[in-house]
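Student: The structure file input_29.cif (mmCIF, C-alpha atoms) is provided below.
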data_my_file
loop_
_atom_site.label_atom_id
_atom_site.label_comp_id
_atom_site.auth_asym_id
_atom_site.auth_seq_id
_atom_site.Cartn_x
_atom_site.Cartn_y
_atom_site.Cartn_z
CA MET A 6 -42.09 -69.07 110.56
CA SER A 7 -41.01 -71.49 107.84
CA HIS A 8 -41.87 -74.42 110.09
CA LEU A 9 -45.56 -73.51 109.69
CA TRP A 10 -45.36 -74.59 106.06
CA ALA A 11 -44.56 -78.11 107.22
CA ALA A 12 -47.77 -78.41 109.27
CA PRO A 13 -50.14 -79.12 106.35
CA ALA A 14 -47.78 -81.79 105.03
CA ILE A 15 -47.69 -83.43 108.47
CA ALA A 16 -51.51 -83.35 108.61
CA ALA A 17 -51.68 -85.03 105.20
CA GLY A 18 -49.17 -87.63 106.39
CA ILE A 19 -51.36 -88.37 109.43
CA TYR A 20 -54.37 -88.77 107.13
CA TYR A 21 -52.56 -91.40 105.05
CA LEU A 22 -51.32 -93.14 108.19
CA ILE A 23 -54.99 -93.49 109.15
CA ALA A 24 -55.74 -94.79 105.64
CA LEU A 25 -52.89 -97.27 105.96
CA ALA A 26 -54.16 -98.46 109.33
CA ALA A 27 -57.71 -98.78 107.94
CA ALA A 28 -56.45 -100.83 105.01
CA LEU A 29 -54.38 -103.17 107.19
CA GLY A 30 -57.33 -103.58 109.55
CA ARG A 31 -59.57 -104.41 106.63
CA LEU A 32 -57.15 -107.05 105.35
CA ARG A 33 -57.11 -108.70 108.79
CA SER A 34 -60.86 -108.48 109.44
CA ARG A 35 -63.19 -111.45 109.08
CA GLU A 36 -65.89 -111.40 106.43
CA PRO A 37 -69.50 -112.29 107.35
CA GLN A 38 -70.41 -115.78 106.16
CA ALA A 39 -73.77 -116.46 104.54
CA HIS A 40 -76.03 -118.92 106.34
CA ALA A 41 -78.85 -118.48 103.84
CA THR A 42 -79.20 -117.44 100.21
CA PRO A 43 -82.43 -115.45 99.90
CA PRO A 44 -83.58 -114.80 96.31
CA VAL A 45 -82.26 -111.60 94.77
CA SER A 46 -83.35 -109.29 91.96
CA ILE A 47 -80.41 -107.64 90.17
CA LEU A 48 -81.45 -104.34 88.60
CA LYS A 49 -79.20 -103.05 85.83
CA PRO A 50 -80.00 -99.76 84.09
CA VAL A 51 -78.23 -99.63 80.73
CA HIS A 52 -77.32 -96.64 78.61
CA GLY A 53 -75.06 -97.47 75.67
CA ARG A 54 -72.48 -100.17 75.29
CA ASP A 55 -69.53 -99.75 77.66
CA PRO A 56 -66.12 -101.34 77.00
CA ARG A 57 -66.23 -105.08 77.80
CA PHE A 58 -69.97 -104.77 78.38
CA TYR A 59 -70.73 -108.37 77.50
CA GLU A 60 -67.96 -109.66 79.75
CA ALA A 61 -69.45 -107.60 82.59
CA ILE A 62 -73.06 -108.75 82.23
CA ARG A 63 -72.00 -112.35 81.58
CA SER A 64 -70.24 -112.41 84.96
CA HIS A 65 -73.62 -111.75 86.58
CA ALA A 66 -75.19 -114.74 84.82
CA GLU A 67 -72.42 -117.02 86.12
CA GLN A 68 -73.14 -116.52 89.82
CA ASP A 69 -72.85 -119.45 92.21
CA TYR A 70 -76.21 -118.64 93.79
CA SER A 71 -79.38 -120.65 94.09
CA GLU A 72 -82.10 -118.22 93.00
CA TYR A 73 -81.84 -114.79 91.42
CA GLU A 74 -83.02 -112.80 88.44
CA ILE A 75 -81.39 -110.12 86.29
CA LEU A 76 -83.53 -107.24 85.04
CA PHE A 77 -82.06 -104.95 82.40
CA GLY A 78 -83.69 -101.58 81.76
CA VAL A 79 -83.16 -99.57 78.56
CA ASN A 80 -85.02 -96.39 77.61
CA ASP A 81 -83.82 -96.28 73.99
CA PRO A 82 -85.13 -98.99 71.62
CA GLY A 83 -82.07 -98.41 69.44
CA ASP A 84 -79.54 -98.82 72.25
CA PRO A 85 -76.53 -100.86 70.97
CA ALA A 86 -76.44 -102.78 74.27
CA LEU A 87 -79.69 -104.57 73.38
CA ALA A 88 -77.87 -107.04 71.13
CA ASP A 89 -75.60 -108.09 73.99
CA ILE A 90 -78.50 -108.48 76.41
CA ARG A 91 -80.35 -110.73 73.96
CA ARG A 92 -77.17 -112.69 73.38
CA LEU A 93 -76.92 -113.23 77.14
CA GLN A 94 -80.52 -114.46 77.27
CA ALA A 95 -79.74 -116.97 74.52
CA GLU A 96 -76.53 -118.17 76.16
CA PHE A 97 -78.12 -118.62 79.60
CA PRO A 98 -81.69 -119.85 78.97
CA GLN A 99 -81.76 -121.39 82.46
CA ARG A 100 -81.39 -117.96 84.06
CA SER A 101 -84.23 -115.55 84.64
CA ILE A 102 -82.96 -112.65 82.50
CA ARG A 103 -85.52 -110.05 81.54
CA LEU A 104 -85.34 -106.90 79.46
CA ALA A 105 -87.59 -103.87 79.95
CA LEU A 106 -87.90 -100.98 77.52
CA THR A 107 -88.75 -98.21 79.96
CA THR A 108 -90.66 -95.02 79.22
CA ARG A 109 -90.58 -93.02 82.44
CA ASP A 110 -88.81 -89.65 82.23
CA ALA A 111 -87.03 -87.87 85.11
CA PRO A 112 -84.11 -85.48 85.70
CA ASN A 113 -81.95 -88.52 86.48
CA GLY A 114 -82.84 -90.93 83.69
CA LYS A 115 -80.97 -93.85 85.28
CA VAL A 116 -83.08 -93.62 88.42
CA ALA A 117 -86.24 -93.45 86.30
CA VAL A 118 -85.22 -96.77 84.73
CA LEU A 119 -84.51 -98.24 88.17
CA GLY A 120 -87.96 -97.21 89.34
CA GLU A 121 -89.62 -99.27 86.60
CA LEU A 122 -87.30 -102.24 87.19
CA ALA A 123 -88.04 -102.21 90.93
CA GLU A 124 -91.76 -102.42 90.17
CA GLN A 125 -91.13 -105.57 88.11
CA ALA A 126 -88.72 -107.22 90.56
CA ARG A 127 -89.97 -110.48 92.06
CA TYR A 128 -87.75 -110.74 95.12
CA PRO A 129 -87.45 -108.85 98.43
CA ILE A 130 -83.72 -108.18 98.15
CA LEU A 131 -82.55 -105.83 95.40
CA LEU A 132 -79.06 -105.36 94.03
CA VAL A 133 -78.14 -102.38 91.85
CA ASN A 134 -74.80 -101.86 90.16
CA ASP A 135 -73.48 -99.99 87.16
CA SER A 136 -73.78 -101.65 83.78
CA ASP A 137 -70.01 -102.05 83.28
CA ILE A 138 -69.29 -103.79 86.60
CA ARG A 139 -67.61 -107.21 86.33
CA VAL A 140 -67.86 -109.58 89.29
CA GLU A 141 -66.56 -112.97 90.47
CA PRO A 142 -68.81 -116.08 90.74
CA ASP A 143 -69.11 -115.76 94.55
CA TYR A 144 -70.10 -112.08 94.39
CA LEU A 145 -73.80 -112.46 95.16
CA ARG A 146 -73.23 -114.83 98.06
CA ARG A 147 -70.71 -112.47 99.65
CA VAL A 148 -72.51 -109.14 99.21
CA VAL A 149 -75.87 -110.46 100.40
CA ALA A 150 -74.43 -112.06 103.56
CA PRO A 151 -74.24 -108.83 105.67
CA LEU A 152 -78.01 -108.35 105.27
CA GLU A 153 -78.51 -111.32 107.60
CA ASP A 154 -77.91 -108.74 110.33
CA PRO A 155 -81.22 -106.86 110.60
CA ARG A 156 -79.33 -103.68 111.53
CA THR A 157 -77.74 -103.56 108.07
CA GLY A 158 -79.70 -101.57 105.51
CA VAL A 159 -77.30 -101.29 102.56
CA VAL A 160 -74.22 -103.22 101.46
CA THR A 161 -71.81 -101.48 99.10
CA CYS A 162 -68.42 -102.22 97.52
CA LEU A 163 -65.14 -100.63 96.57
CA TYR A 164 -63.99 -101.06 92.99
CA ARG A 165 -60.90 -101.08 90.82
CA ALA A 166 -60.77 -99.93 87.22
CA ARG A 167 -59.41 -101.27 83.94
CA ALA A 168 -58.42 -98.99 81.08
CA GLU A 169 -56.55 -99.26 77.78
CA SER A 170 -55.67 -95.60 77.20
CA TRP A 171 -53.23 -93.52 79.22
CA PRO A 172 -55.92 -91.04 80.26
CA GLY A 173 -57.99 -93.99 81.46
CA ARG A 174 -55.05 -95.49 83.37
CA TRP A 175 -54.46 -92.10 84.96
CA GLU A 176 -58.04 -92.08 86.21
CA ALA A 177 -57.74 -95.69 87.38
CA ILE A 178 -54.69 -94.85 89.50
CA GLY A 179 -56.70 -92.11 91.20
CA ILE A 180 -59.58 -94.48 91.93
CA ALA A 181 -57.31 -97.09 93.50
CA THR A 182 -54.92 -94.86 95.45
CA GLU A 183 -56.85 -91.67 96.24
CA PHE A 184 -60.59 -92.39 96.15
CA ALA A 185 -60.51 -95.85 97.79
CA PRO A 186 -58.38 -94.67 100.76
CA SER A 187 -60.86 -91.82 101.34
CA VAL A 188 -63.73 -94.33 101.52
CA LEU A 189 -61.82 -96.41 104.10
CA VAL A 190 -61.02 -93.36 106.23
CA ALA A 191 -64.54 -91.86 106.08
CA PRO A 192 -66.18 -93.98 108.82
CA LEU A 193 -63.16 -93.45 111.09
CA VAL A 194 -63.74 -89.69 111.03
CA GLY A 195 -67.50 -89.88 111.48
CA VAL A 196 -68.57 -89.88 107.82
CA ALA A 197 -70.78 -92.89 107.10
CA GLY A 198 -74.09 -93.80 105.55
CA PHE A 199 -73.22 -93.39 101.88
CA ALA A 200 -73.23 -96.02 99.15
CA LEU A 201 -71.28 -96.45 95.90
CA GLY A 202 -72.83 -97.20 92.52
CA SER A 203 -70.46 -100.14 92.02
CA THR A 204 -72.79 -102.18 94.28
CA MET A 205 -75.82 -101.43 96.41
CA VAL A 206 -77.70 -104.30 98.04
CA PHE A 207 -80.78 -103.49 100.11
CA ARG A 208 -84.26 -104.68 101.00
CA ALA A 209 -87.23 -103.65 98.90
CA ALA A 210 -89.05 -102.89 102.15
CA GLN A 211 -86.55 -100.18 103.07
CA LEU A 212 -86.64 -98.76 99.55
CA LYS A 213 -90.41 -98.44 99.88
CA LYS A 214 -90.05 -96.61 103.21
CA ILE A 215 -87.88 -93.87 101.68
CA GLY A 216 -90.40 -93.35 98.87
CA GLY A 217 -88.89 -95.73 96.33
CA PHE A 218 -86.66 -94.64 93.48
CA PRO A 219 -88.98 -91.70 92.63
CA ALA A 220 -87.67 -90.03 95.82
CA LEU A 221 -84.18 -90.01 94.26
CA GLU A 222 -85.04 -89.03 90.67
CA SER A 223 -83.97 -85.38 91.05
CA TYR A 224 -80.49 -86.16 92.44
CA LEU A 225 -77.41 -86.70 90.30
CA ALA A 226 -75.57 -88.67 93.03
CA ASP A 227 -78.37 -91.22 93.39
CA ASP A 228 -76.06 -93.84 94.93
CA TYR A 229 -74.99 -91.48 97.69
CA GLN A 230 -78.60 -90.45 98.30
CA LEU A 231 -79.87 -94.03 98.46
CA GLY A 232 -77.34 -94.82 101.19
CA THR A 233 -78.07 -91.70 103.22
CA HIS A 234 -81.85 -92.06 102.91
CA ILE A 235 -81.80 -95.64 104.21
CA ALA A 236 -79.24 -94.73 106.90
CA LYS A 237 -81.65 -92.05 108.16
CA LEU A 238 -84.15 -94.84 108.86
CA GLY A 239 -81.68 -96.12 111.46
CA PHE A 240 -79.90 -98.75 109.40
CA ARG A 241 -76.17 -99.21 108.80
CA VAL A 242 -74.37 -99.00 105.47
CA VAL A 243 -71.77 -101.79 105.35
CA LEU A 244 -68.71 -101.80 103.11
CA SER A 245 -68.28 -105.37 101.85
CA LYS A 246 -64.83 -106.92 101.52
CA VAL A 247 -65.68 -107.62 97.87
CA ALA A 248 -63.92 -105.40 95.34
CA VAL A 249 -65.56 -105.34 91.91
CA GLU A 250 -64.13 -104.15 88.62
CA THR A 251 -65.23 -101.39 86.27
CA ASN A 252 -64.06 -100.35 82.82
CA LEU A 253 -63.09 -96.79 82.01
CA SER A 254 -63.85 -95.53 78.54
CA GLY A 255 -62.04 -92.18 78.76
CA ALA A 256 -59.95 -91.97 75.59
CA SER A 257 -58.77 -88.36 75.93
CA TRP A 258 -57.44 -86.16 78.70
CA GLY A 259 -60.32 -83.75 78.19
CA GLU A 260 -62.88 -86.51 78.64
CA VAL A 261 -61.22 -87.70 81.85
CA TRP A 262 -61.01 -84.12 83.15
CA ARG A 263 -64.75 -83.55 82.52
CA HIS A 264 -65.64 -86.88 84.12
CA GLN A 265 -63.67 -86.14 87.27
CA LEU A 266 -64.90 -82.56 87.41
CA ARG A 267 -68.45 -83.93 87.42
CA TRP A 268 -67.54 -86.13 90.38
CA SER A 269 -65.88 -83.21 92.15
CA ARG A 270 -68.78 -80.80 91.79
CA THR A 271 -71.30 -83.49 92.69
CA ILE A 272 -69.38 -84.30 95.88
CA ARG A 273 -69.17 -80.59 96.74
CA VAL A 274 -72.93 -80.17 96.66
CA SER A 275 -73.64 -83.55 98.27
CA ARG A 276 -71.03 -83.53 101.07
CA THR A 277 -69.82 -79.95 101.37
CA ALA A 278 -67.88 -80.31 104.63
CA GLY A 279 -66.09 -83.42 103.39
CA TYR A 280 -65.23 -81.69 100.14
CA TYR A 281 -63.46 -78.80 101.87
CA GLY A 282 -61.81 -81.19 104.30
CA TYR A 283 -60.21 -82.85 101.28
CA LEU A 284 -57.71 -79.95 101.24
CA ALA A 285 -55.97 -81.45 104.28
CA THR A 286 -55.35 -84.73 102.47
CA GLN A 287 -53.22 -83.27 99.65
CA ALA A 288 -49.96 -85.02 100.50
CA ALA A 289 -48.19 -84.32 97.19
CA PHE A 290 -49.03 -80.61 97.13
CA TRP A 291 -48.22 -79.95 100.79
CA SER A 292 -45.02 -82.01 100.57
CA LEU A 293 -43.95 -79.83 97.67
CA VAL A 294 -44.71 -76.73 99.74
CA ALA A 295 -42.75 -78.14 102.70
CA ALA A 296 -39.76 -78.99 100.50
CA VAL A 297 -39.67 -75.48 99.04
CA ALA A 298 -39.77 -74.12 102.61
CA GLY A 299 -36.69 -76.20 103.45
CA HIS A 300 -38.33 -79.19 105.16
CA VAL A 301 -37.11 -81.79 102.68
CA TRP A 302 -37.03 -84.71 105.11
CA ILE A 303 -40.59 -84.07 106.23
CA ALA A 304 -41.66 -83.89 102.60
CA LEU A 305 -39.94 -87.19 101.77
CA ALA A 306 -41.42 -88.91 104.82
CA VAL A 307 -44.95 -87.78 103.93
CA ILE A 308 -44.55 -88.89 100.32
CA GLY A 309 -43.28 -92.26 101.57
CA ILE A 310 -46.36 -92.69 103.75
CA ARG A 311 -48.56 -91.60 100.85
CA LEU A 312 -47.03 -94.17 98.50
CA ALA A 313 -47.28 -96.95 101.11
CA ALA A 314 -50.98 -96.23 101.67
CA GLY A 315 -51.66 -96.13 97.93
CA LEU A 316 -49.89 -99.45 97.37
CA ILE A 317 -51.54 -101.26 100.29
CA VAL A 318 -55.04 -100.03 99.40
CA GLY A 319 -54.67 -100.37 95.63
CA ARG A 320 -52.94 -103.74 95.48
CA GLY A 321 -53.82 -105.28 98.83
CA VAL A 322 -57.43 -104.21 99.31
CA LEU A 323 -58.58 -103.79 95.70
CA GLY A 324 -56.32 -106.32 93.99
CA ASP A 325 -55.36 -103.75 91.35
CA ARG A 326 -52.16 -104.89 89.62
CA GLN A 327 -51.78 -101.60 87.78
CA VAL A 328 -50.85 -99.92 91.04
CA LEU A 329 -47.65 -101.97 91.28
CA ARG A 330 -46.78 -101.08 87.70
CA TYR A 331 -47.43 -97.35 87.93
CA TRP A 332 -46.87 -96.57 91.64
CA TYR A 333 -44.33 -93.83 90.81
CA LEU A 334 -47.11 -91.80 89.15
CA ILE A 335 -49.15 -91.48 92.37
CA PRO A 336 -47.74 -88.06 93.44
CA LEU A 337 -48.25 -86.63 89.95
CA ARG A 338 -51.78 -88.01 89.86
CA ASP A 339 -52.39 -86.38 93.25
CA LEU A 340 -51.40 -83.00 91.84
CA TRP A 341 -53.87 -83.53 89.00
CA GLY A 342 -56.50 -84.42 91.59
CA PHE A 343 -55.74 -81.21 93.47
CA ALA A 344 -56.26 -79.22 90.25
CA ILE A 345 -59.62 -80.98 89.81
CA TRP A 346 -60.52 -80.06 93.40
CA ILE A 347 -59.72 -76.39 92.75
CA ALA A 348 -61.80 -76.44 89.55
CA GLY A 349 -64.66 -78.04 91.46
CA LEU A 350 -64.77 -75.22 94.00
CA SER A 351 -66.88 -73.18 91.60
CA GLY A 352 -69.47 -73.87 88.95
CA ASP A 353 -72.73 -75.74 89.09
CA THR A 354 -72.84 -77.41 85.66
CA VAL A 355 -71.66 -80.93 84.83
CA GLU A 356 -71.59 -83.13 81.73
CA TRP A 357 -73.31 -86.50 82.03
CA ARG A 358 -74.43 -88.90 79.31
CA GLY A 359 -73.88 -86.27 76.64
CA LYS A 360 -75.96 -83.62 78.42
CA LYS A 361 -75.07 -80.49 80.35
CA LEU A 362 -76.83 -80.46 83.70
CA GLN A 363 -77.13 -77.73 86.30
CA LEU A 364 -76.97 -78.68 89.98
CA SER A 365 -78.76 -76.94 92.82
CA PRO A 366 -77.01 -76.40 96.20
CA ASP A 367 -78.65 -79.55 97.59
CA GLY A 368 -77.37 -81.79 94.79
CA LYS A 369 -80.54 -81.89 92.72
CA ILE A 370 -80.64 -81.52 88.95
CA GLN A 371 -82.35 -78.26 88.03
#
Could you render the structure as structure tokens?
Tutor:
Amino acid sequence: MSHLWAAPAIAAGIYYLIALAAALGRLRSREPQAHATPPVSILKPVHGRDPRFYEAIRSHAEQDYSEYEILFGVNDPGDPALADIRRLQAEFPQRSIRLALTTRDAPNGKVAVLGELAEQARYPILLVNDSDIRVEPDYLRRVVAPLEDPRTGVVTCLYRARAESWPGRWEAIGIATEFAPSVLVAPLVGVAGFALGSTMVFRAAQLKKIGGFPALESYLADDYQLGTHIAKLGFRVVLSKVAVETNLSGASWGEVWRHQLRWSRTIRVSRTAGYYGYLATQAAFWSLVAAVAGHVWIALAVIGIRLAAGLIVGRGVLGDRQVLRYWYLIPLRDLWGFAIWIAGLSGDTVEWRGKKLQLSPDGKIQ
């Protein structure tokens, strides 16, 4: 019966073979080329000053794009990020950069800010991304291009992470080698129609059809909900070949644990089937089980496939140099991720922006 203990490891190995194939296919695929550059409104809700915040927002003002505006929304008149936004306005007077002090309240405060920004936006194409996202000068041109296909409703992006602390690096390794592969595999196993907060590009007309941002104000995973709501209208959600960069501020292991536990519980209530299916992807854990049961060669083969997939996705697809430096930590990081998954099986409270929130079974904030 000991051979049965090798089966989960083999299943996890197959999963990462699929991830590896998806990554290689993505590297070989052709990217849509823009034939037009329609004007774009970039909506950026801001809450506090993230690490390298000015570097991130400055990258948006340096876009090689003919016509666009940047709208910042802040709901706290004492927010420390205001100084950086005003500095950006002074440095780029030729850009349309506006700041709104918002007043609307909602369970998800970020979405409340987005609702007010969308009302002020001048252009029919909207782009939303997190306040700490840094982009390259051709970002706008590349992420808007897929919307030339009228079947496309949302364009989203993968992301890599920068961090200075070891807890932050630990989280960054997970993003590049565990989370990103899962996003690439998802459409191959029938899971599609979700967006990531690193980038969401969509038409204002489709946003209006789903009820605008007010329809999303009660959800914690507003990015996921935006993608699924627009997908239900019959439109596709396209994963751009652009990989953007975020900054992780986690300075302690406890902070990183709470951050990832929030993700885990939010995913459980948003995509329950996918959350439980995650058990089959635990290559490090099941390889350890297989090795203890005497199937050492199977365990080594699965770990080899796991490392190859992590390296190809992290370095090749995302351009994350940290993956090459810390590749040997991937199995240990996977075991940490498995512990997070177990912790996320129960509980309905999460910590977000200094508040404790309770989630309902449908992913809404109670």
Student: Since I can't run it myself right now, could you work out what the PyMOL selection byres ((chain A and resi 369) around 10) selects here and report it as a list in words?
Tutor: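 Taken on the displayed file, the PyMOL selection byres ((chain A and resi 369) around 10) yields the residues Pro112, Asn113, Leu221, Glu222, Ser223, Tyr224, Leu225, Ala226, Asp227, Thr271, Val274, Ser275, Leu362, Gln363, Leu364, Ser365, Pro366, Asp367, Gly368, Ile370 and Gln371 of chain A.
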Student: Mind giving me the straight-line distance from atom CA of A:Gly279 to atom CA of A:His264 in Å, one decimal?
Tutor: 19.6 Å
Student: Assuming the chain letters and numbering stay as they are in my file, what does the PyMOL selection byres ((chain A and resi 200-207) around 8) actually select? List them as a ChimeraX atom specification.
Tutor: /A:130-135,138,148-149,152,158-164,198-199,208-209,211-212,228-233,242,249,251
Student: Considering only C-alpha atoms, give me a table of residues in stretch 297-365 of chain A that are at most 8 Å from stretch 174-183 of chain A, with the closest atom pair and distance in Å for each, as JSON lines.
Tutor:
{"residue": "A:Ala314", "atom": "CA", "partner": "A:Thr182", "partner_atom": "CA", "distance": 7.5}
{"residue": "A:Gly315", "atom": "CA", "partner": "A:Thr182", "partner_atom": "CA", "distance": 4.3}
{"residue": "A:Leu316", "atom": "CA", "partner": "A:Thr182", "partner_atom": "CA", "distance": 7.1}
{"residue": "A:Val318", "atom": "CA", "partner": "A:Thr182", "partner_atom": "CA", "distance": 6.5}
{"residue": "A:Gly319", "atom": "CA", "partner": "A:Ala181", "partner_atom": "CA", "distance": 4.7}
{"residue": "A:Leu323", "atom": "CA", "partner": "A:Ala181", "partner_atom": "CA", "distance": 7.2}
{"residue": "A:Asp325", "atom": "CA", "partner": "A:Ala181", "partner_atom": "CA", "distance": 7.3}
{"residue": "A:Gln327", "atom": "CA", "partner": "A:Ile178", "partner_atom": "CA", "distance": 7.5}
{"residue": "A:Val328", "atom": "CA", "partner": "A:Ile178", "partner_atom": "CA", "distance": 6.5}
{"residue": "A:Tyr331", "atom": "CA", "partner": "A:Ile178", "partner_atom": "CA", "distance": 7.8}
{"residue": "A:Ile335", "atom": "CA", "partner": "A:Ile178", "partner_atom": "CA", "distance": 7.1}
{"residue": "A:Arg338", "atom": "CA", "partner": "A:Gly179", "partner_atom": "CA", "distance": 6.5}
{"residue": "A:Asp339", "atom": "CA", "partner": "A:Gly179", "partner_atom": "CA", "distance": 7.5}
{"residue": "A:Gly342", "atom": "CA", "partner": "A:Gly179", "partner_atom": "CA", "distance": 7.7}
Student: What is the distance between atom CA of A:Phe218 and atom CA of A:Gly120, in Å to one decimal?
Tutor: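 Distance reported for this atom pair: 5.0 Å.
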Student: When you look at stretch 10-16 of chain A with a cut-off of 7 Å (counting all atoms listed in the file), what residues show up, excluding the ones that are within fewer than 6 positions of it in the same chain? I need them as a list in words.
Tutor: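 Answer for this query is Ala285, Ala288, Trp291, Ser292, Val294, Ala295, Ala298, His300, Ala304 and Val307 of chain A.
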Student: Edge lengths and centre in Å to one decimal, as JSON, of the axis-aligned box that encloses all listed atoms of stretch 142-149 of chain A with 8 Å added on every side?
Tutor:
{"center_x": -72.3, "center_y": -112.6, "center_z": 95.6, "size_x": 23.1, "size_y": 22.9, "size_z": 25.7}
Student: Please, what distance in Å, to one decimal, runs between atom CA of A:Glu74 and atom CA of A:Lys49?
Tutor: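 Calculated distance between atom CA of A:Glu74 and atom CA of A:Lys49 is 10.8 Å.
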Student: Once the PyMOL selection byres ((chain A and resi 94) around 12) has been applied to the shown file, what residues remain in the selection, as a VMD selection string?
Tutor: chain A and resid 59 62 to 63 65 to 66 74 to 77 87 to 93 95 to 104
Student: Got a minute to add N, CA, C and O atoms to stretch 62-76 of chain A and dump it as a compact mmCIF listing (two decimals), keeping the file's coordinate frame?
Tutor:
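Written out: selection.txt:
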# COMPACT_ATOMS: atom_id res chain seq x y z
N ILE A 62 -71.73 -108.20 81.94
CA ILE A 62 -73.06 -108.75 82.23
C ILE A 62 -73.02 -110.28 82.28
O ILE A 62 -73.79 -110.90 83.03
N ARG A 63 -72.11 -110.89 81.54
CA ARG A 63 -72.00 -112.35 81.58
C ARG A 63 -71.56 -112.82 82.97
O ARG A 63 -71.98 -113.87 83.44
N SER A 64 -70.70 -112.03 83.62
CA SER A 64 -70.24 -112.41 84.96
C SER A 64 -71.40 -112.46 85.95
O SER A 64 -71.35 -113.20 86.93
N HIS A 65 -72.46 -111.71 85.70
CA HIS A 65 -73.62 -111.75 86.58
C HIS A 65 -74.47 -113.00 86.34
O HIS A 65 -75.15 -113.49 87.25
N ALA A 66 -74.43 -113.52 85.13
CA ALA A 66 -75.19 -114.74 84.82
C ALA A 66 -74.47 -115.99 85.30
O ALA A 66 -75.06 -117.08 85.30
N GLU A 67 -73.22 -115.86 85.69
CA GLU A 67 -72.42 -117.02 86.12
C GLU A 67 -72.32 -117.12 87.64
O GLU A 67 -71.42 -117.78 88.15
N GLN A 68 -73.23 -116.53 88.37
CA GLN A 68 -73.14 -116.52 89.82
C GLN A 68 -73.44 -117.89 90.44
O GLN A 68 -74.34 -118.61 90.00
N ASP A 69 -72.64 -118.22 91.45
CA ASP A 69 -72.85 -119.45 92.21
C ASP A 69 -73.88 -119.13 93.31
O ASP A 69 -73.54 -118.92 94.47
N TYR A 70 -75.14 -119.07 92.88
CA TYR A 70 -76.21 -118.64 93.79
C TYR A 70 -77.48 -119.36 93.37
O TYR A 70 -77.75 -119.53 92.18
N SER A 71 -78.26 -119.75 94.37
CA SER A 71 -79.38 -120.65 94.09
C SER A 71 -80.51 -120.01 93.29
O SER A 71 -81.01 -120.59 92.32
N GLU A 72 -80.94 -118.81 93.67
CA GLU A 72 -82.10 -118.22 93.00
C GLU A 72 -81.94 -116.71 92.89
O GLU A 72 -81.85 -116.00 93.89
N TYR A 73 -81.91 -116.23 91.66
CA TYR A 73 -81.84 -114.79 91.42
C TYR A 73 -82.30 -114.49 90.00
O TYR A 73 -82.38 -115.38 89.15
N GLU A 74 -82.62 -113.25 89.76
CA GLU A 74 -83.02 -112.80 88.44
C GLU A 74 -82.22 -111.55 88.07
O GLU A 74 -81.74 -110.82 88.95
N ILE A 75 -82.07 -111.33 86.78
CA ILE A 75 -81.39 -110.12 86.29
C ILE A 75 -82.38 -109.36 85.42
O ILE A 75 -82.92 -109.90 84.46
N LEU A 76 -82.61 -108.10 85.80
CA LEU A 76 -83.53 -107.24 85.04
C LEU A 76 -82.72 -106.10 84.42
O LEU A 76 -82.11 -105.31 85.15
